[in-house]
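What follows is one structure encoded as structure tokens, with my remarks underneath.
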Amino acid sequence: KLVKARRNNTPQKTMMKTVLLVFTALLCASLVLAQYETDGYTYVIARLPQFQTRTGGFKLRELDTTPSVTATADATFLSSLYGLRQQISPIAVDRYLSSLATDHDAGYGKGAGLASDIESSREAVLSYSHLGRAPSVSPVKYVRNLLDKDSHLFSRSSQGRPDIVATATALQILEQSRETTKQWVQDLFPHLRSYLDSHRNQSNDGTFFYFGPSQSVLTGNYYGIVIGSLIGYDFSSGRYAKFIASQQASNGGFYADLQRSQVTVEASAHAVLSLASLNSGSVSETVNTDHLFAYFYENTPRDLHSAALAHSAVALTNNFRRNFNFNASYDVFNSNNPVDRRVVQGTTIKPVLNIRTIFGVPHAGLDVTVAYSDPNSRANTYKLKWRENHKYSSDDFIDTSNLLGSLNFRYTVRVQVAGLPPNAVPQFDIVDVKRVGYGVNIVSKASSDVAGRSFQPGEAVAIGTQFDFSLDLNNLTHARFPSKGGADVDVVFSVLDSSNVVIHESRQAVKADNSFSYTLSDSDLPAGALSFRFQVGQGSNIHTEEFVEYQINIPMIASKISFDGFSANQAPSYKIGDVVRLSMEPASFPDFRNKYPFRSSDANGNAVGAQRQFYLDVKSSNGVTIRSVLGQNARNSASYSFEVPVDASLDSIGNNVVSFRYLAANGVSFPLANFDSQFDEVFEDNNVLNYTIQSQLQVVDVAQQPNSEDYFYGNEIVFRFRVRDAVSGRYVTRGSSERANVYLTLTHSDDNKGKPFVSAVEGARQIGDEFIIQWPINPNAVQGAGVLSVNAQDVDGNQLSLYRSGSLDEVMTHDVNITGRIEVRENTFTTSVLSQERAAFVVEFNLSCNSRSLRDAQLRASVVLEGSRGSRVLASGLPVATNNEGRYSVSYSAPLTQVPTGRYTLNFYREVDRRRALDNRDYRQKQARREEELRRRAETGLGEDVEVVAEEQSEAGIESELTPLFSVSFNHDSPSVSKSPIRLEVVVLTILVGAFFYISYQKKQYLTKATR
């Protein structure tokens, strides 16, 4: 019985192993793919605890198993910067660091029992500092023993050679240990200054240090600046900062090399850390920190070191505040009225700051102060303390009993964290202004006899509406102020249009009953808000302000549109380098018959044309906005003029459609219809108003192009050239939009349709005014003869011809022959336990040619069951997933009854082949319908005017018309279905899937919070 039971249990054990194998493979594959994602800026912080190992140390990547002291220093730095210490185990970290200490030399090694080295020693010391603990061993003695007396540099280890990195690291350890004032350290400074002088380089872009190819230029320069900042080197010229700033790329990152070919996270972080070490001014004043933040946010890999570098750099810029969510509020001591825009006079308030990281964690380790000044010019500074409600607040209250006017608050938030340049403290300011004034109670009424109705605040009103208001004032001690007339306080009643232009204003002394009226009688106002403002104060000292707002919905037009230098009947045409000048006069068009130019002065007679904002939007024919230009208004003129410089980019070339819009003061845009003043009507088609940029683009200064034998799978071909416009003589750059670029396109002839088809497209990148196309020939390219062309596209994706240098009719093409044999290496996993009634299998594979990995292949797969009576297609069009390393995978599941035991084949097809086959099928069907319609018309004598209506395409059976690019075959054993209501493997699967989706959900929650 025991033997029989064991035998009966064997298939179930086998299936259990299969389940575990398959889902382990799937989970591992997802992790492998995940590590190549570039959302590490938020992802690593959100999942920081998952990087800590059982030893207490941290691993570099989530998929790794071995901790490192570098990753541990990075993790503790991030935990200190963002208050995440409670999410990790500091005790375990301490235990891990202690295991790295070496008793015989007082240093730290990369692992337990390994020899000490200076970098590991610094990282261990930093880790202790981030945890707020003293190191178990002070490495000062160890550092001193690494000093080379001949070169006056430090070595990385007792067996190493002295170099710049070890010397910079040694000085950082000594500075953190407060040893740099010791005489033996001071004696090194003259020698180190001479060493830096010998490695100083001058260029047109500034001055930098270069220590050889072992580090990138910016990284080597960073270590030189670290040493210089600690020994008092003279950086006063500003040329070091100038060089660093010159290395910033258009995407915000920094080039690591002088050739400016590679932007890296490390170089970008070292650039910022270098600028902070120079003390030459704010980093934010030297480089574009907004673009830099975007670069880090979008390009940081999911590893601890990259994330720590990115955050250390951002922490030293004005974008550090973007990693926090915060709001200032005010506790009220003696009133039930919360503080909003205004503090009612007499209220006693206390400043409170609620601050959390973008990852949703309150940060208890911040240094927060608030400086404030009151209307009587008194100023004070309070330190805010961390409270149990996870907010920072002051112990002191501010009494507003004798105050009327502005209270100005400046909250300063600092983070004290080790490892950053001396005197470089991550911090940011939060400014808040509150007004101390009276409480205001306003009752409003708006009605129109013409419209026959009344309007509530916020609603759109009609011309002719009558507005009536009553107003009462109060403060903390008087429910109604004043109770009798005679107070030396005025109310200024103003009516403002959506440009905040004052169209009516009156002033009266505050009395027991305050009433105001206004009638909206004219149509010469722009659409948007109609605001009624009540200001209370003495003379020009306004301390209380309240608004009631309605809306005006009125059509607007741009009339009297003219292009300078062109008549109304001419089509404006320009070239690159020209300036497009045009003007228009905005007006309201309420009844679609009469135009009402907007009033040019306010209620006090002041010109207001410059206060209204009208924009010219230049768009492509398909509506893509290319640029927007703010109109300029001449004093006492109703018209606005616009100037559009035609820049030398692919955005400009071709047809440019012109439209206008009005931007209200609250940021809401309203379109203006283009009005044809010649015929006194609105243009039916806005695209009629346009201008054209003439160009003839040529490929010039070709610095690199492939040979005819270079076209085989896996090989990377490179083109380097410039594009010049023969009309203007200027070099042309790519556009700001995604499409406006230069492309390499591989086309092949199609005998069925008589026109070529495209199998591969590769976009160019640009450095300066040079285009560089790097195309790794992948399986998307159809093997055999083809034509490789270099062409450009405008913002709508329309083709722009590129001609050879000196020619206006010979396009840039190359006849090529794509060769090579695609090799497949696959792994297949099959199982039958997705449920009691479903089976699944997964195929993972790599593609290569001549041992070169083939990436980015766009593939689909079909599943075929082989049999003695023929093959049967079970599924088609299955998507094939891939990653940046050239790994591919496809999976399939179906009911057990549809996946019997047998031999299966997965046929793989290129997307380009499937699209071509679908196009050919559609072409044949159209031809057949056309011929049938022609035949029918010939029989009935209706003529040959035939329009073929396109029908919706179906992809069914398209693979039968194709030859697979390659195939993978395997055997699948379908087990018998157990009679047990719940099988063991189902339980395991449920746990695995549940765990997987729980982790995914948690990750999503973190990332959602991180990106708000």
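Note on naming: chains are A, B, ... as they come in the structure tokens, residues start from 1 per chain, ligands start from 1 in the order shown.
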
Original post:
If you run DSSP on this backbone, which residues of stretch 691-853 of chain A come out as strand (DSSP E or B), and could you give them as a PyMOL selection string?
Top reply: chain A and resi 691-694+697-704+712+716-725+731+733+742-748+757-763+765-767+770-776+784-793+799-800+802-804+811+813-819+823-835+838-849+852-853

Contacts of A:Pro457 within 12 Å, only C-alpha atoms, excl. fewer than 3 positions in-chain, as a PDB file with all heavy atoms, in the first residue's frame:
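So the final result, stored in selection.pdb, reads:
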```
ATOM      1  N   ILE A 442     -20.783  88.919   2.328  1.00  0.00           N
ATOM      2  CA  ILE A 442     -21.332  89.569   1.137  1.00  0.00           C
ATOM      3  C   ILE A 442     -22.564  88.798   0.672  1.00  0.00           C
ATOM      4  O   ILE A 442     -22.542  87.574   0.541  1.00  0.00           O
ATOM      5  CB  ILE A 442     -20.300  89.605  -0.005  1.00  0.00           C
ATOM      6  CG1 ILE A 442     -19.070  90.421   0.408  1.00  0.00           C
ATOM      7  CG2 ILE A 442     -20.916  90.190  -1.281  1.00  0.00           C
ATOM      8  CD1 ILE A 442     -17.951  90.390  -0.601  1.00  0.00           C
ATOM      9  N   VAL A 443     -23.648  89.526   0.411  1.00  0.00           N
ATOM     10  CA  VAL A 443     -24.859  88.958  -0.185  1.00  0.00           C
ATOM     11  C   VAL A 443     -24.971  89.532  -1.595  1.00  0.00           C
ATOM     12  O   VAL A 443     -24.978  90.754  -1.776  1.00  0.00           O
ATOM     13  CB  VAL A 443     -26.114  89.289   0.634  1.00  0.00           C
ATOM     14  CG1 VAL A 443     -27.351  88.730  -0.056  1.00  0.00           C
ATOM     15  CG2 VAL A 443     -25.983  88.734   2.052  1.00  0.00           C
ATOM     16  N   SER A 444     -25.031  88.659  -2.610  1.00  0.00           N
ATOM     17  CA  SER A 444     -25.051  89.116  -3.994  1.00  0.00           C
ATOM     18  C   SER A 444     -26.341  88.719  -4.683  1.00  0.00           C
ATOM     19  O   SER A 444     -26.956  87.694  -4.358  1.00  0.00           O
ATOM     20  CB  SER A 444     -23.848  88.536  -4.759  1.00  0.00           C
ATOM     21  OG  SER A 444     -23.896  87.128  -4.757  1.00  0.00           O
ATOM     22  N   LYS A 445     -26.724  89.540  -5.683  1.00  0.00           N
ATOM     23  CA  LYS A 445     -27.904  89.267  -6.478  1.00  0.00           C
ATOM     24  C   LYS A 445     -27.625  89.715  -7.902  1.00  0.00           C
ATOM     25  O   LYS A 445     -27.148  90.840  -8.127  1.00  0.00           O
ATOM     26  CB  LYS A 445     -29.118  90.017  -5.906  1.00  0.00           C
ATOM     27  CG  LYS A 445     -30.390  89.816  -6.718  1.00  0.00           C
ATOM     28  CD  LYS A 445     -31.530  90.656  -6.147  1.00  0.00           C
ATOM     29  CE  LYS A 445     -32.791  90.519  -6.994  1.00  0.00           C
ATOM     30  NZ  LYS A 445     -33.901  91.362  -6.492  1.00  0.00           N
ATOM     31  N   ALA A 446     -27.895  88.842  -8.881  1.00  0.00           N
ATOM     32  CA  ALA A 446     -27.687  89.163 -10.294  1.00  0.00           C
ATOM     33  C   ALA A 446     -28.904  88.711 -11.073  1.00  0.00           C
ATOM     34  O   ALA A 446     -29.341  87.563 -10.949  1.00  0.00           O
ATOM     35  CB  ALA A 446     -26.432  88.476 -10.822  1.00  0.00           C
ATOM     36  N   SER A 447     -29.465  89.616 -11.881  1.00  0.00           N
ATOM     37  CA  SER A 447     -30.670  89.265 -12.652  1.00  0.00           C
ATOM     38  C   SER A 447     -30.668  90.031 -13.963  1.00  0.00           C
ATOM     39  O   SER A 447     -30.062  91.110 -14.092  1.00  0.00           O
ATOM     40  CB  SER A 447     -31.938  89.568 -11.860  1.00  0.00           C
ATOM     41  OG  SER A 447     -32.013  90.944 -11.562  1.00  0.00           O
ATOM     42  N   SER A 454     -32.476  85.021 -13.006  1.00  0.00           N
ATOM     43  CA  SER A 454     -31.396  85.461 -12.109  1.00  0.00           C
ATOM     44  C   SER A 454     -30.233  84.488 -12.227  1.00  0.00           C
ATOM     45  O   SER A 454     -30.377  83.364 -12.712  1.00  0.00           O
ATOM     46  CB  SER A 454     -31.892  85.544 -10.667  1.00  0.00           C
ATOM     47  OG  SER A 454     -32.349  84.273 -10.235  1.00  0.00           O
ATOM     48  N   ALA A 460     -22.643  81.809 -15.954  1.00  0.00           N
ATOM     49  CA  ALA A 460     -22.459  82.735 -17.065  1.00  0.00           C
ATOM     50  C   ALA A 460     -23.638  83.696 -17.119  1.00  0.00           C
ATOM     51  O   ALA A 460     -24.798  83.271 -17.050  1.00  0.00           O
ATOM     52  CB  ALA A 460     -22.334  81.971 -18.378  1.00  0.00           C
ATOM     53  N   VAL A 461     -23.327  84.996 -17.241  1.00  0.00           N
ATOM     54  CA  VAL A 461     -24.364  86.017 -17.242  1.00  0.00           C
ATOM     55  C   VAL A 461     -24.517  86.594 -18.642  1.00  0.00           C
ATOM     56  O   VAL A 461     -23.646  86.442 -19.501  1.00  0.00           O
ATOM     57  CB  VAL A 461     -24.029  87.139 -16.237  1.00  0.00           C
ATOM     58  CG1 VAL A 461     -23.954  86.587 -14.830  1.00  0.00           C
ATOM     59  CG2 VAL A 461     -22.712  87.826 -16.616  1.00  0.00           C
ATOM     60  N   PHE A 467     -26.352  93.812 -11.225  1.00  0.00           N
ATOM     61  CA  PHE A 467     -25.728  93.189 -10.053  1.00  0.00           C
ATOM     62  C   PHE A 467     -25.931  94.103  -8.841  1.00  0.00           C
ATOM     63  O   PHE A 467     -25.693  95.319  -8.914  1.00  0.00           O
ATOM     64  CB  PHE A 467     -24.224  92.981 -10.276  1.00  0.00           C
ATOM     65  CG  PHE A 467     -23.895  92.080 -11.437  1.00  0.00           C
ATOM     66  CD1 PHE A 467     -23.724  92.606 -12.713  1.00  0.00           C
ATOM     67  CD2 PHE A 467     -23.759  90.712 -11.271  1.00  0.00           C
ATOM     68  CE1 PHE A 467     -23.408  91.791 -13.791  1.00  0.00           C
ATOM     69  CE2 PHE A 467     -23.454  89.883 -12.342  1.00  0.00           C
ATOM     70  CZ  PHE A 467     -23.280  90.431 -13.601  1.00  0.00           C
ATOM     71  N   ASP A 468     -26.354  93.511  -7.710  1.00  0.00           N
ATOM     72  CA  ASP A 468     -26.521  94.237  -6.452  1.00  0.00           C
ATOM     73  C   ASP A 468     -25.853  93.457  -5.330  1.00  0.00           C
ATOM     74  O   ASP A 468     -25.996  92.224  -5.236  1.00  0.00           O
ATOM     75  CB  ASP A 468     -28.002  94.429  -6.140  1.00  0.00           C
ATOM     76  CG  ASP A 468     -28.704  95.282  -7.192  1.00  0.00           C
ATOM     77  OD1 ASP A 468     -28.418  96.482  -7.261  1.00  0.00           O
ATOM     78  OD2 ASP A 468     -29.525  94.708  -7.950  1.00  0.00           O
ATOM     79  N   PHE A 469     -25.125  94.184  -4.454  1.00  0.00           N
ATOM     80  CA  PHE A 469     -24.374  93.549  -3.370  1.00  0.00           C
ATOM     81  C   PHE A 469     -24.595  94.313  -2.067  1.00  0.00           C
ATOM     82  O   PHE A 469     -24.722  95.549  -2.069  1.00  0.00           O
ATOM     83  CB  PHE A 469     -22.872  93.539  -3.673  1.00  0.00           C
ATOM     84  CG  PHE A 469     -22.509  92.895  -4.969  1.00  0.00           C
ATOM     85  CD1 PHE A 469     -22.399  93.649  -6.127  1.00  0.00           C
ATOM     86  CD2 PHE A 469     -22.282  91.530  -5.049  1.00  0.00           C
ATOM     87  CE1 PHE A 469     -22.058  93.078  -7.327  1.00  0.00           C
ATOM     88  CE2 PHE A 469     -21.945  90.934  -6.245  1.00  0.00           C
ATOM     89  CZ  PHE A 469     -21.836  91.709  -7.396  1.00  0.00           C
ATOM     90  N   ALA A 529     -13.824  85.198 -16.782  1.00  0.00           N
ATOM     91  CA  ALA A 529     -14.388  85.600 -15.495  1.00  0.00           C
ATOM     92  C   ALA A 529     -14.752  87.080 -15.485  1.00  0.00           C
ATOM     93  O   ALA A 529     -14.040  87.922 -16.043  1.00  0.00           O
ATOM     94  CB  ALA A 529     -13.398  85.294 -14.377  1.00  0.00           C
ATOM     95  N   LEU A 530     -15.841  87.377 -14.830  1.00  0.00           N
ATOM     96  CA  LEU A 530     -16.233  88.748 -14.501  1.00  0.00           C
ATOM     97  C   LEU A 530     -16.223  88.819 -12.976  1.00  0.00           C
ATOM     98  O   LEU A 530     -17.061  88.211 -12.308  1.00  0.00           O
ATOM     99  CB  LEU A 530     -17.608  89.079 -15.061  1.00  0.00           C
ATOM    100  CG  LEU A 530     -18.116  90.505 -14.775  1.00  0.00           C
ATOM    101  CD1 LEU A 530     -17.273  91.533 -15.531  1.00  0.00           C
ATOM    102  CD2 LEU A 530     -19.590  90.639 -15.140  1.00  0.00           C
ATOM    103  N   SER A 531     -15.250  89.551 -12.434  1.00  0.00           N
ATOM    104  CA  SER A 531     -15.013  89.523 -10.988  1.00  0.00           C
ATOM    105  C   SER A 531     -15.412  90.835 -10.337  1.00  0.00           C
ATOM    106  O   SER A 531     -15.150  91.924 -10.885  1.00  0.00           O
ATOM    107  CB  SER A 531     -13.524  89.256 -10.707  1.00  0.00           C
ATOM    108  OG  SER A 531     -13.119  88.043 -11.299  1.00  0.00           O
ATOM    109  N   PHE A 532     -16.024  90.729  -9.161  1.00  0.00           N
ATOM    110  CA  PHE A 532     -16.396  91.877  -8.347  1.00  0.00           C
ATOM    111  C   PHE A 532     -15.529  91.839  -7.088  1.00  0.00           C
ATOM    112  O   PHE A 532     -15.589  90.884  -6.301  1.00  0.00           O
ATOM    113  CB  PHE A 532     -17.879  91.837  -8.002  1.00  0.00           C
ATOM    114  CG  PHE A 532     -18.759  91.922  -9.221  1.00  0.00           C
ATOM    115  CD1 PHE A 532     -19.113  90.773  -9.919  1.00  0.00           C
ATOM    116  CD2 PHE A 532     -19.211  93.146  -9.677  1.00  0.00           C
ATOM    117  CE1 PHE A 532     -19.914  90.844 -11.051  1.00  0.00           C
ATOM    118  CE2 PHE A 532     -20.014  93.233 -10.807  1.00  0.00           C
ATOM    119  CZ  PHE A 532     -20.368  92.077 -11.500  1.00  0.00           C
ATOM    120  N   PHE A 547     -13.760  88.490  -3.143  1.00  0.00           N
ATOM    121  CA  PHE A 547     -14.216  88.473  -4.527  1.00  0.00           C
ATOM    122  C   PHE A 547     -15.534  87.721  -4.646  1.00  0.00           C
ATOM    123  O   PHE A 547     -15.780  86.762  -3.910  1.00  0.00           O
ATOM    124  CB  PHE A 547     -13.191  87.776  -5.429  1.00  0.00           C
ATOM    125  CG  PHE A 547     -11.933  88.562  -5.668  1.00  0.00           C
ATOM    126  CD1 PHE A 547     -10.864  88.480  -4.776  1.00  0.00           C
ATOM    127  CD2 PHE A 547     -11.802  89.371  -6.786  1.00  0.00           C
ATOM    128  CE1 PHE A 547      -9.705  89.189  -4.988  1.00  0.00           C
ATOM    129  CE2 PHE A 547     -10.646  90.092  -7.011  1.00  0.00           C
ATOM    130  CZ  PHE A 547      -9.595  90.003  -6.114  1.00  0.00           C
ATOM    131  N   VAL A 548     -16.355  88.160  -5.600  1.00  0.00           N
ATOM    132  CA  VAL A 548     -17.519  87.401  -6.070  1.00  0.00           C
ATOM    133  C   VAL A 548     -17.349  87.298  -7.583  1.00  0.00           C
ATOM    134  O   VAL A 548     -17.092  88.299  -8.256  1.00  0.00           O
ATOM    135  CB  VAL A 548     -18.843  88.089  -5.719  1.00  0.00           C
ATOM    136  CG1 VAL A 548     -20.016  87.285  -6.299  1.00  0.00           C
ATOM    137  CG2 VAL A 548     -18.988  88.232  -4.209  1.00  0.00           C
ATOM    138  N   GLU A 549     -17.504  86.089  -8.117  1.00  0.00           N
ATOM    139  CA  GLU A 549     -17.158  85.888  -9.527  1.00  0.00           C
ATOM    140  C   GLU A 549     -18.321  85.290 -10.308  1.00  0.00           C
ATOM    141  O   GLU A 549     -19.007  84.376  -9.848  1.00  0.00           O
ATOM    142  CB  GLU A 549     -15.938  84.967  -9.624  1.00  0.00           C
ATOM    143  CG  GLU A 549     -15.368  84.822 -11.022  1.00  0.00           C
ATOM    144  CD  GLU A 549     -14.090  83.999 -11.025  1.00  0.00           C
ATOM    145  OE1 GLU A 549     -13.029  84.533 -10.602  1.00  0.00           O
ATOM    146  OE2 GLU A 549     -14.156  82.822 -11.422  1.00  0.00           O
ATOM    147  N   TYR A 550     -18.525  85.836 -11.524  1.00  0.00           N
ATOM    148  CA  TYR A 550     -19.442  85.287 -12.513  1.00  0.00           C
ATOM    149  C   TYR A 550     -18.639  85.006 -13.782  1.00  0.00           C
ATOM    150  O   TYR A 550     -17.420  85.220 -13.811  1.00  0.00           O
ATOM    151  CB  TYR A 550     -20.587  86.269 -12.787  1.00  0.00           C
ATOM    152  CG  TYR A 550     -21.513  86.490 -11.603  1.00  0.00           C
ATOM    153  CD1 TYR A 550     -21.196  87.424 -10.618  1.00  0.00           C
ATOM    154  CD2 TYR A 550     -22.687  85.763 -11.468  1.00  0.00           C
ATOM    155  CE1 TYR A 550     -22.026  87.627  -9.528  1.00  0.00           C
ATOM    156  CE2 TYR A 550     -23.540  85.957 -10.374  1.00  0.00           C
ATOM    157  CZ  TYR A 550     -23.194  86.891  -9.415  1.00  0.00           C
ATOM    158  OH  TYR A 550     -24.025  87.082  -8.340  1.00  0.00           O
ATOM    159  N   GLN A 551     -19.314  84.559 -14.832  1.00  0.00           N
ATOM    160  CA  GLN A 551     -18.633  84.246 -16.087  1.00  0.00           C
ATOM    161  C   GLN A 551     -19.305  84.962 -17.246  1.00  0.00           C
ATOM    162  O   GLN A 551     -20.516  85.227 -17.229  1.00  0.00           O
ATOM    163  CB  GLN A 551     -18.657  82.733 -16.358  1.00  0.00           C
ATOM    164  CG  GLN A 551     -17.921  81.891 -15.326  1.00  0.00           C
ATOM    165  CD  GLN A 551     -16.426  82.108 -15.371  1.00  0.00           C
ATOM    166  OE1 GLN A 551     -15.827  82.269 -16.443  1.00  0.00           O
ATOM    167  NE2 GLN A 551     -15.809  82.121 -14.193  1.00  0.00           N
ATOM    168  N   ILE A 552     -18.495  85.283 -18.268  1.00  0.00           N
ATOM    169  CA  ILE A 552     -19.008  85.809 -19.532  1.00  0.00           C
ATOM    170  C   ILE A 552     -18.624  84.831 -20.636  1.00  0.00           C
ATOM    171  O   ILE A 552     -17.432  84.585 -20.863  1.00  0.00           O
ATOM    172  CB  ILE A 552     -18.426  87.204 -19.852  1.00  0.00           C
ATOM    173  CG1 ILE A 552     -18.814  88.213 -18.787  1.00  0.00           C
ATOM    174  CG2 ILE A 552     -18.892  87.665 -21.230  1.00  0.00           C
ATOM    175  CD1 ILE A 552     -18.221  89.597 -19.024  1.00  0.00           C
TER     176      ILE A 552
END
```

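Reported to one decimal place, the separation of atom CA of A:Arg921 from atom CA of A:Leu874 is 22.2 Å.
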
Subject >> Residue contacts of stretch 816-830 of chain A (7 Å, only C-alpha atoms) excluding same-chain residues fewer than 6 positions away, as a list in words >> reply: Val22, Ser708, Tyr711, Phe712, Tyr713, Gln783, Gly784, Ala785, Gly786, Val787, Leu788, Ala840, Phe841, Val842, Val843, Glu844, Phe845, Asn846, Leu847, Ser848, Cys849 and His972 of chain A

**OP:** Compile the contact shell of stretch 596-602 of chain A as a PyMOL selection string: residues with an atom at most 8 Å away, counting only C-alpha atoms, same-chain residues fewer than 4 positions apart removed.
**Re:** chain A and resi 501-504+523-526+585-589+606-609+636-638

Original post:
Which value, in Å to one decimal, gives the distance between atom CA of A:Asn145 and atom CA of A:Ile225?
Top reply: 23.6 Å

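Reported to one decimal place, the separation of atom CA of A:Ser862 from atom CA of A:Pro900 is 16.7 Å.
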
Original post:
Counting only C-alpha atoms, what is within 7 Å of A:Gln538, bar same-chain residues fewer than 5 positions away, as a VMD selection string?
Top reply: chain A and resid 488 to 490

**OP:** May I have the residues within 12 Å of A:Phe211 as a PyMOL selection string, using only C-alpha atoms and disregarding those fewer than 5 positions away in the same chain?
**Re:** chain A and resi 163-165+195-201+216-224

**OP:** For A:Gly577, list every protein, DNA or RNA residue within 8 Å, evaluated using only C-alpha atoms, and leave out those in the same chain fewer than 3 positions away; present the list as a list in words.
**Re:**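 Surrounding residues, per the criterion: Pro645, Val646, Asp647, Ala648 and Ser728 of chain A.
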
I need the residues from that last selection saved to file as a PDB file, in the first residue's frame (with N, CA and C atoms), if you can.
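File produced: result25.pdb:
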```pdb
ATOM      1  N   PRO A 645      10.383  84.064 -35.425  1.00  0.00           N
ATOM      2  CA  PRO A 645      11.636  83.757 -36.117  1.00  0.00           C
ATOM      3  C   PRO A 645      11.577  82.343 -36.700  1.00  0.00           C
ATOM      4  N   VAL A 646      11.961  82.189 -37.937  1.00  0.00           N
ATOM      5  CA  VAL A 646      11.981  80.874 -38.582  1.00  0.00           C
ATOM      6  C   VAL A 646      13.317  80.230 -38.253  1.00  0.00           C
ATOM      7  N   ASP A 647      13.312  79.328 -37.279  1.00  0.00           N
ATOM      8  CA  ASP A 647      14.575  78.714 -36.871  1.00  0.00           C
ATOM      9  C   ASP A 647      14.953  77.580 -37.809  1.00  0.00           C
ATOM     10  N   ALA A 648      16.214  77.213 -37.740  1.00  0.00           N
ATOM     11  CA  ALA A 648      16.754  76.192 -38.650  1.00  0.00           C
ATOM     12  C   ALA A 648      16.518  74.808 -38.084  1.00  0.00           C
ATOM     13  N   SER A 728      18.582  78.673 -47.732  1.00  0.00           N
ATOM     14  CA  SER A 728      19.096  79.661 -46.780  1.00  0.00           C
ATOM     15  C   SER A 728      20.587  79.518 -46.515  1.00  0.00           C
TER      16      SER A 728
END
```

Which residues of stretch 302-364 of chain A come within 10 Å of stretch 419-429 of chain A, and for each one, what is the closest pair of atoms and their distance in Å to one decimal, counting only C-alpha atoms, sorted by chain and residue number, as a tab-separated table?
```
residue	atom	partner	partner_atom	distance
A:Ser312	CA	A:Leu420	CA	7.3
A:Ala313	CA	A:Leu420	CA	9.2
A:Val314	CA	A:Pro426	CA	8.8
A:Ala315	CA	A:Pro426	CA	5.1
A:Leu316	CA	A:Pro426	CA	5.4
A:Thr317	CA	A:Pro426	CA	7.9
A:Asn318	CA	A:Phe428	CA	6.8
A:Asn319	CA	A:Phe428	CA	8.6
A:Phe320	CA	A:Phe428	CA	7.1
A:Arg321	CA	A:Phe428	CA	6.0
A:Arg322	CA	A:Phe428	CA	9.8
```

Please save C-alpha atoms of the selected residues as a PDB file, in the first residue's frame.
```pdb
ATOM      1  CA  SER A 312      22.622  63.237  -3.894  1.00  0.00           C
ATOM      2  CA  ALA A 313      22.782  65.522  -6.934  1.00  0.00           C
ATOM      3  CA  VAL A 314      19.134  66.606  -6.826  1.00  0.00           C
ATOM      4  CA  ALA A 315      19.453  67.287  -3.080  1.00  0.00           C
ATOM      5  CA  LEU A 316      21.910  70.088  -3.892  1.00  0.00           C
ATOM      6  CA  THR A 317      19.610  71.843  -6.372  1.00  0.00           C
ATOM      7  CA  ASN A 318      16.415  73.847  -6.117  1.00  0.00           C
ATOM      8  CA  ASN A 319      14.513  70.780  -7.322  1.00  0.00           C
ATOM      9  CA  PHE A 320      15.101  68.972  -4.024  1.00  0.00           C
ATOM     10  CA  ARG A 321      11.756  70.380  -2.877  1.00  0.00           C
ATOM     11  CA  ARG A 322      10.074  68.310  -5.611  1.00  0.00           C
TER      12      ARG A 322
END
```
